[in-house]
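**Q** work34.cif is reproduced in full below (mmCIF, C-alpha atoms and all ligand atoms).
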```
data_model
#
loop_
_atom_site.label_atom_id
_atom_site.label_comp_id
_atom_site.auth_asym_id
_atom_site.auth_seq_id
_atom_site.Cartn_x
_atom_site.Cartn_y
_atom_site.Cartn_z
CA MET W 1 84.77 92.66 81.43
CA PRO W 2 86.03 96.20 81.18
CA ALA W 3 87.27 97.97 84.28
CA GLU W 4 88.12 101.62 84.69
CA VAL W 5 91.63 102.07 86.02
CA ARG W 6 92.56 105.43 87.47
CA LEU W 7 96.25 106.25 87.14
CA PRO W 8 98.23 108.54 89.44
CA THR W 9 99.65 111.72 87.95
CA VAL W 10 103.19 110.39 87.94
CA LEU W 11 102.28 107.42 85.70
CA ARG W 12 100.07 109.15 83.16
CA ALA W 13 102.94 110.04 80.85
CA GLN W 14 103.44 106.32 80.28
CA ALA W 15 99.79 105.91 79.25
CA ASP W 16 99.54 108.60 76.59
CA GLY W 17 98.68 111.18 79.25
CA GLN W 18 95.40 109.52 80.21
CA ALA W 19 94.04 109.74 83.76
CA THR W 20 91.81 106.69 83.35
CA VAL W 21 92.18 103.69 81.10
CA ALA W 22 89.52 101.06 80.34
CA VAL W 23 91.01 97.57 80.47
CA GLU W 24 89.54 94.06 80.20
CA GLY W 25 90.07 91.45 82.91
CA ALA W 26 88.28 89.21 85.41
CA THR W 27 90.79 89.86 88.20
CA ILE W 28 93.08 92.70 89.20
CA GLY W 29 96.00 90.57 87.96
CA GLU W 30 94.42 90.19 84.53
CA VAL W 31 93.68 93.87 84.34
CA PHE W 32 97.29 94.69 85.21
CA SER W 33 98.61 92.24 82.58
CA ALA W 34 96.42 93.87 79.96
CA LEU W 35 97.46 97.32 81.14
CA VAL W 36 101.21 96.69 80.88
CA THR W 37 100.76 94.95 77.54
CA GLN W 38 98.97 98.01 76.23
CA TYR W 39 101.39 100.44 77.91
CA PRO W 40 104.74 98.66 78.41
CA GLY W 41 106.22 101.76 80.03
CA LEU W 42 104.02 101.08 83.08
CA ARG W 43 105.39 97.61 83.74
CA GLY W 44 108.35 98.56 85.91
CA ASN W 45 106.18 100.85 88.02
CA LEU W 46 103.31 98.41 88.58
CA LEU W 47 104.84 94.94 88.69
CA ASP W 48 107.97 93.41 90.17
CA ASP W 49 110.33 91.06 88.33
CA GLN W 50 108.22 88.03 89.27
CA GLY W 51 105.01 89.58 87.95
CA GLY W 52 103.77 90.35 91.46
CA LEU W 53 102.52 93.72 92.56
CA HIS W 54 105.27 96.35 92.85
CA LYS W 55 106.18 96.82 96.50
CA PHE W 56 105.42 100.54 96.53
CA VAL W 57 102.13 100.53 94.68
CA ASN W 58 98.74 100.58 96.39
CA VAL W 59 95.78 99.28 94.40
CA TYR W 60 92.16 99.81 95.36
CA LYS W 61 88.98 98.20 94.11
CA ASN W 62 86.10 100.55 94.83
CA ASP W 63 88.22 102.26 97.48
CA GLU W 64 89.23 99.01 99.20
CA ASP W 65 92.95 98.21 99.37
CA ILE W 66 93.33 94.91 97.45
CA ARG W 67 95.93 93.67 99.92
CA TYR W 68 93.03 93.33 102.36
CA LEU W 69 90.96 91.57 99.67
CA GLU W 70 92.66 88.88 97.59
CA GLY W 71 95.57 90.81 96.12
CA LEU W 72 96.03 90.30 92.39
CA ASP W 73 93.44 87.49 92.53
CA THR W 74 90.74 89.96 93.60
CA LYS W 75 87.78 89.49 91.27
CA ILE W 76 86.36 92.35 89.29
CA ASP W 77 82.72 92.92 88.52
CA ASP W 78 81.24 95.09 85.84
CA GLY W 79 81.55 98.74 86.72
CA ASP W 80 84.19 98.30 89.42
CA ASP W 81 86.59 101.20 89.76
CA ILE W 82 90.26 100.48 90.21
CA SER W 83 92.60 103.14 91.53
CA ILE W 84 96.37 103.00 91.63
CA LEU W 85 98.26 105.13 94.14
CA PRO W 86 102.00 104.99 94.73
CA ALA W 87 102.72 104.34 98.39
CA VAL W 88 104.09 107.13 100.54
CA ALA W 89 107.16 105.66 102.15
CA GLY W 90 110.69 106.38 103.20
CA GLY W 91 113.20 105.92 105.94
CA MET E 1 121.56 112.40 93.11
CA ALA E 2 120.82 114.33 96.31
CA SER E 3 122.43 117.69 96.76
CA ASP E 4 124.23 118.83 99.88
CA PRO E 5 122.10 119.66 102.90
CA GLY E 6 120.30 122.96 102.74
CA ARG E 7 118.99 124.95 99.87
CA ALA E 8 120.47 124.52 96.43
CA PRO E 9 121.89 127.89 95.43
CA GLY E 10 120.20 129.98 92.81
CA VAL E 11 117.10 127.79 92.50
CA LYS E 12 113.67 129.26 93.19
CA VAL E 13 111.31 126.67 94.53
CA ALA E 14 107.60 127.08 95.20
CA PRO E 15 106.17 127.70 97.69
CA ALA E 16 108.18 130.46 99.34
CA PHE E 17 106.84 129.30 102.71
CA MET E 18 104.91 126.39 104.10
CA ARG E 19 102.28 127.87 106.40
CA LEU E 20 101.26 125.86 109.43
CA THR E 21 98.91 126.94 112.16
CA GLU E 22 99.93 126.41 115.75
CA SER E 23 97.44 123.57 116.07
CA GLU E 24 98.59 121.88 112.86
CA TRP E 25 102.16 122.06 114.14
CA GLN E 26 101.00 120.46 117.38
CA VAL E 27 99.15 117.69 115.52
CA VAL E 28 102.26 116.89 113.47
CA VAL E 29 104.79 116.99 116.28
CA GLY E 30 102.38 115.34 118.72
CA SER E 31 101.83 112.43 116.32
CA CYS E 32 105.58 111.93 116.13
CA TYR E 33 105.89 111.67 119.92
CA ASP E 34 102.80 109.44 120.05
CA GLY E 35 104.38 107.11 117.49
CA TYR E 36 107.76 106.97 119.21
CA PRO E 37 109.85 104.75 119.24
CA GLU E 38 108.44 103.93 115.81
CA GLU E 39 108.49 106.46 112.99
CA ALA E 40 105.23 108.35 112.69
CA CYS E 41 103.73 109.74 109.49
CA GLY E 42 100.84 111.71 108.08
CA LEU E 43 99.51 113.69 105.16
CA PHE E 44 98.87 117.37 104.53
CA ILE E 45 95.76 118.48 102.67
CA GLY E 46 95.80 121.89 101.05
CA THR E 47 95.94 123.66 97.74
CA MET E 48 98.14 123.49 94.67
CA ASN E 49 98.77 126.07 92.00
CA ASP E 50 100.41 125.29 88.69
CA GLY E 51 101.71 121.92 89.85
CA ALA E 52 103.25 123.24 93.07
CA PRO E 53 101.88 123.56 96.61
CA THR E 54 100.74 127.06 97.54
CA GLY E 55 102.07 126.52 101.05
CA PHE E 56 98.56 126.66 102.52
CA VAL E 57 97.54 123.63 104.57
CA SER E 58 93.93 123.04 105.60
CA GLU E 59 94.52 119.84 107.52
CA ALA E 60 97.37 117.82 108.98
CA ARG E 61 96.11 114.27 109.08
CA PRO E 62 98.03 111.64 111.07
CA CYS E 63 98.16 108.22 109.40
CA ARG E 64 99.19 104.79 110.57
CA ASN E 65 102.73 103.66 109.79
CA GLU E 66 102.08 100.36 108.07
CA ALA E 67 105.77 99.47 108.37
CA ALA E 68 105.53 99.78 112.19
CA SER E 69 109.26 100.42 112.38
CA SER E 70 111.72 102.80 113.98
CA LEU E 71 113.73 102.91 110.73
CA VAL E 72 111.20 103.19 107.92
CA TYR E 73 107.65 104.31 107.32
CA ARG E 74 104.90 103.57 104.86
CA ILE E 75 101.62 105.38 105.15
CA ASP E 76 98.76 102.92 105.57
CA GLY E 77 97.16 102.53 102.14
CA ARG E 78 93.65 102.87 103.56
CA ASP E 79 94.53 106.09 105.41
CA GLN E 80 96.10 107.45 102.23
CA LEU E 81 93.00 106.83 100.16
CA ALA E 82 90.73 108.24 102.87
CA ALA E 83 92.86 111.41 102.91
CA MET E 84 92.65 111.69 99.15
CA ARG E 85 88.86 111.33 99.18
CA ALA E 86 88.56 113.91 101.97
CA ALA E 87 90.68 116.32 99.95
CA GLU E 88 88.65 115.74 96.78
CA GLN E 89 85.41 116.47 98.63
CA ARG E 90 86.72 119.91 99.55
CA GLY E 91 88.18 120.61 96.12
CA GLU E 92 91.67 120.33 97.59
CA GLU E 93 94.58 117.96 97.21
CA ILE E 94 97.15 116.11 99.19
CA VAL E 95 100.05 118.55 99.13
CA GLY E 96 102.62 116.74 101.21
CA CYS E 97 103.46 114.35 103.98
CA TRP E 98 105.46 114.20 107.17
CA HIS E 99 107.39 111.57 109.04
CA SER E 100 109.66 111.47 112.04
CA HIS E 101 113.34 110.74 112.32
CA THR E 102 113.71 109.34 115.79
CA HIS E 103 117.50 109.49 115.99
CA THR E 104 118.72 111.51 113.01
CA GLU E 105 118.54 115.06 111.69
CA ALA E 106 115.43 116.56 110.09
CA PHE E 107 116.86 116.08 106.62
CA PRO E 108 115.67 113.65 103.91
CA SER E 109 117.51 110.33 103.89
CA PRO E 110 118.61 108.82 100.56
CA THR E 111 115.49 106.60 100.73
CA ASP E 112 113.30 109.65 101.32
CA VAL E 113 114.82 111.35 98.30
CA SER E 114 114.35 108.41 95.96
CA GLN E 115 110.78 107.74 97.16
CA ALA E 116 109.89 111.39 96.59
CA ALA E 117 110.00 110.74 92.84
CA TRP E 118 106.51 109.21 93.14
CA TYR E 119 105.07 112.55 94.30
CA PRO E 120 107.45 115.14 92.89
CA ASP E 121 105.14 118.10 93.59
CA TRP E 122 104.71 117.46 97.33
CA LEU E 123 106.12 119.13 100.40
CA TYR E 124 108.14 116.73 102.53
CA VAL E 125 108.18 117.54 106.22
CA ILE E 126 110.54 115.76 108.57
CA VAL E 127 110.39 116.00 112.34
CA SER E 128 113.54 115.09 114.20
CA LEU E 129 113.13 113.83 117.76
CA LYS E 130 116.83 113.29 118.23
CA ASP E 131 117.29 116.24 120.61
CA ASP E 132 115.24 117.41 123.58
CA ALA E 133 113.25 119.86 121.48
CA PRO E 134 111.59 118.62 118.27
CA VAL E 135 112.88 120.07 114.98
CA LEU E 136 110.42 120.39 112.09
CA ARG E 137 111.67 121.24 108.61
CA ALA E 138 110.04 121.17 105.18
CA TYR E 139 111.47 120.39 101.75
CA ARG E 140 110.69 119.98 98.11
CA VAL E 141 112.58 117.20 96.37
CA ILE E 142 112.89 118.01 92.70
CA ASP E 143 114.77 115.75 90.29
CA GLY E 144 116.63 114.26 93.22
CA ASP E 145 117.66 117.65 94.60
CA VAL E 146 116.60 118.68 98.09
CA HIS E 147 115.40 122.26 98.59
CA GLU E 148 114.41 123.49 102.03
CA VAL E 149 111.13 125.41 102.27
CA PRO E 150 110.88 127.70 105.32
CA VAL E 151 107.97 126.97 107.64
CA ALA E 152 105.91 129.96 108.78
CA LEU E 153 103.95 129.37 111.97
CA MET E 154 100.61 131.17 111.88
ZN ZN W 201 113.14 109.96 106.51
#
```
With the file now loaded, output its structure as structure tokens.

**A**
Amino acid sequence: MPAEVRLPTVLRAQADGQATVAVEGATIGEVFSALVTQYPGLRGNLLDDQGGLHKFVNVYKNDEDIRYLEGLDTKIDDGDDISILPAVAGG
Amino acid sequence: MASDPGRAPGVKVAPAFMRLTESEWQVVVGSCYDGYPEEACGLFIGTMNDGAPTGFVSEARPCRNEAASSLVYRIDGRDQLAAMRAAEQRGEEIVGCWHSHTHTEAFPSPTDVSQAAWYPDWLYVIVSLKDDAPVLRAYRVIDGDVHEVPVALM
């Protein structure tokens, strides 16, 4: 089912300048696969080499951090909003 | 990548000043001492103009350091989203962040510089606790170059 994915400013250039993209998928993982298939430029910023979630990317389903849900296996229902926010980190 | 410490010559960087109230300064520096010996961190809410911070800050919002470390920080993802929603409700934006350096200068580390590429329009404040008195300095990091932004205490 289609989910609305909200992209952070820094990644919009890789998605034809769009702030939100509608993507099909039953889980966050499926949505991300579809997203990087559609916009290959996003892959390196969203996923790691093993296909897991990029270390410095936060993903939220309806404002809940998916790492406190079921990660990429988190299920998506119709009308769920997904937001992507790069982590704020450093040393 | 990173330029030498200090301001790159001949480059004008917005804003001219980062304006902090006395109480915002106390929130920021206080959070760094509260977090010690771990690095502390937080987010600034304020206004942007033309893709650059205006220098005005409406709130300094301490956040949890998810990395719970004296060497690195990562703002708790839930605190980050809550800050973003709070900013949106007021028609404002997140305009920057701060973190502490417990034993080094108040200057961006190579990691800080590379991570800044995710939010290239932000102000990056670093508080050094290495000496007896805290040192707070602000920067923009643009295309890997570090530019100091003077802090005006209001
Ligand atoms: Zn640092």

**Q** Please check the contacts: residues of chain E at most 9 Å away from chain W, using only C-alpha atoms, listed as a PyMOL selection string.

**A** chain E and resi 39+67+70-78+80-82+97+99-101+108-120

**Q** Just give me the gap between CA of Ala3 (chain W) and CA of Thr74 (chain W) in Å, one decimal is fine.

**A**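 Distance reported for this atom pair: 12.8 Å.
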
**Q** Please measure the separation of CA of Gly46 (chain E) and CA of Glu59 (chain E), giving the value in Å to one decimal.

**A**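 A separation of 6.9 Å between them.
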
**Q** Box in all listed atoms of region 86-99 of chain E, axis-aligned, with 6 Å more on each side; write out centre and edge lengths in Å to one decimal as AutoDock Vina command-line options.

**A**
```
--center_x 96.4 --center_y 116.1 --center_z 102.6 --size_x 34.0 --size_y 21.0 --size_z 24.9
```

**Q** Just how far from CA of Glu70 (chain W) is CA of Arg43 (chain W), in Å to one decimal?

**A**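 Result for CA of Arg43 (chain W) versus CA of Glu70 (chain W): 20.7 Å, one decimal.
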
**Q** At a cut-off of 10 Å from (89.1, 91.1, 89.1) in the coordinates of the file, what residues are picked up using only C-alpha atoms, written as a PyMOL selection string?

**A** chain W and resi 1-3+24-32+61+70-78+80+82

**Q** Using all atoms listed in the file, can you list as an mmCIF file with C-alpha atoms, in the frame of the given file the residues within 12 Å of (105.7, 110.6, 121.5)?

**A**
```
data_model
loop_
_atom_site.group_PDB
_atom_site.id
_atom_site.type_symbol
_atom_site.label_atom_id
_atom_site.label_comp_id
_atom_site.auth_asym_id
_atom_site.auth_seq_id
_atom_site.Cartn_x
_atom_site.Cartn_y
_atom_site.Cartn_z
ATOM 1 C CA GLN E 26 101.000 120.460 117.380
ATOM 2 C CA VAL E 27 99.150 117.690 115.520
ATOM 3 C CA VAL E 28 102.260 116.890 113.470
ATOM 4 C CA VAL E 29 104.790 116.990 116.280
ATOM 5 C CA GLY E 30 102.380 115.340 118.720
ATOM 6 C CA SER E 31 101.830 112.430 116.320
ATOM 7 C CA CYS E 32 105.580 111.930 116.130
ATOM 8 C CA TYR E 33 105.890 111.670 119.920
ATOM 9 C CA ASP E 34 102.800 109.440 120.050
ATOM 10 C CA GLY E 35 104.380 107.110 117.490
ATOM 11 C CA TYR E 36 107.760 106.970 119.210
ATOM 12 C CA PRO E 37 109.850 104.750 119.240
ATOM 13 C CA GLU E 38 108.440 103.930 115.810
ATOM 14 C CA GLU E 39 108.490 106.460 112.990
ATOM 15 C CA ALA E 40 105.230 108.350 112.690
ATOM 16 C CA SER E 100 109.660 111.470 112.040
ATOM 17 C CA HIS E 101 113.340 110.740 112.320
ATOM 18 C CA THR E 102 113.710 109.340 115.790
ATOM 19 C CA VAL E 127 110.390 116.000 112.340
ATOM 20 C CA SER E 128 113.540 115.090 114.200
ATOM 21 C CA LEU E 129 113.130 113.830 117.760
ATOM 22 C CA LYS E 130 116.830 113.290 118.230
ATOM 23 C CA ASP E 132 115.240 117.410 123.580
ATOM 24 C CA ALA E 133 113.250 119.860 121.480
ATOM 25 C CA PRO E 134 111.590 118.620 118.270
#
```

**Q** Using all atoms listed in the file, pick whichever of W:Asp48, W:Asp81, W:Leu69, W:Pro40 has the shortest atom-to-atom distance to Ala22 (chain W).

**A** W:Asp81

**Q** Determine the nearest neighbour of His103 (chain E) from the options E:Met154, E:Ile126, E:Gly91, E:Ala68, counting all atoms listed in the file.

**A**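 When distances to His103 (chain E) are compared using all atoms listed in the file, the smallest one comes from E:Ile126.
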
**Q** So that I can check the surroundings of region 14-21 of chain W, please list as a list of chain:residue names every protein, DNA and RNA residue that reaches within 7 Å of it, counting only C-alpha atoms and ignoring chain neighbours fewer than 5 positions away.

**A**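 My reading of the contact set: W:Glu4, W:Val5, W:Arg6, W:Leu7, W:Tyr39, W:Gly41, W:Leu42.
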
**Q** Find the residue from E:Asp121, E:Glu93, E:Glu148, E:Glu88 that sits nearest to Gly51 (chain E); use all atoms listed in the file when measuring.

**A**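 Going through E:Asp121, E:Glu93, E:Glu148, E:Glu88 one by one, the smallest distance to Gly51 (chain E) is for E:Asp121.
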
**Q** Could you check which of E:Cys41, E:Tyr124, E:Met84, E:Leu153 is closest to Ser69 (chain E), using all atoms listed in the file?

**A**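 Checking each of E:Cys41, E:Tyr124, E:Met84, E:Leu153 against Ser69 (chain E), counting all atoms listed in the file, the winner is E:Cys41.
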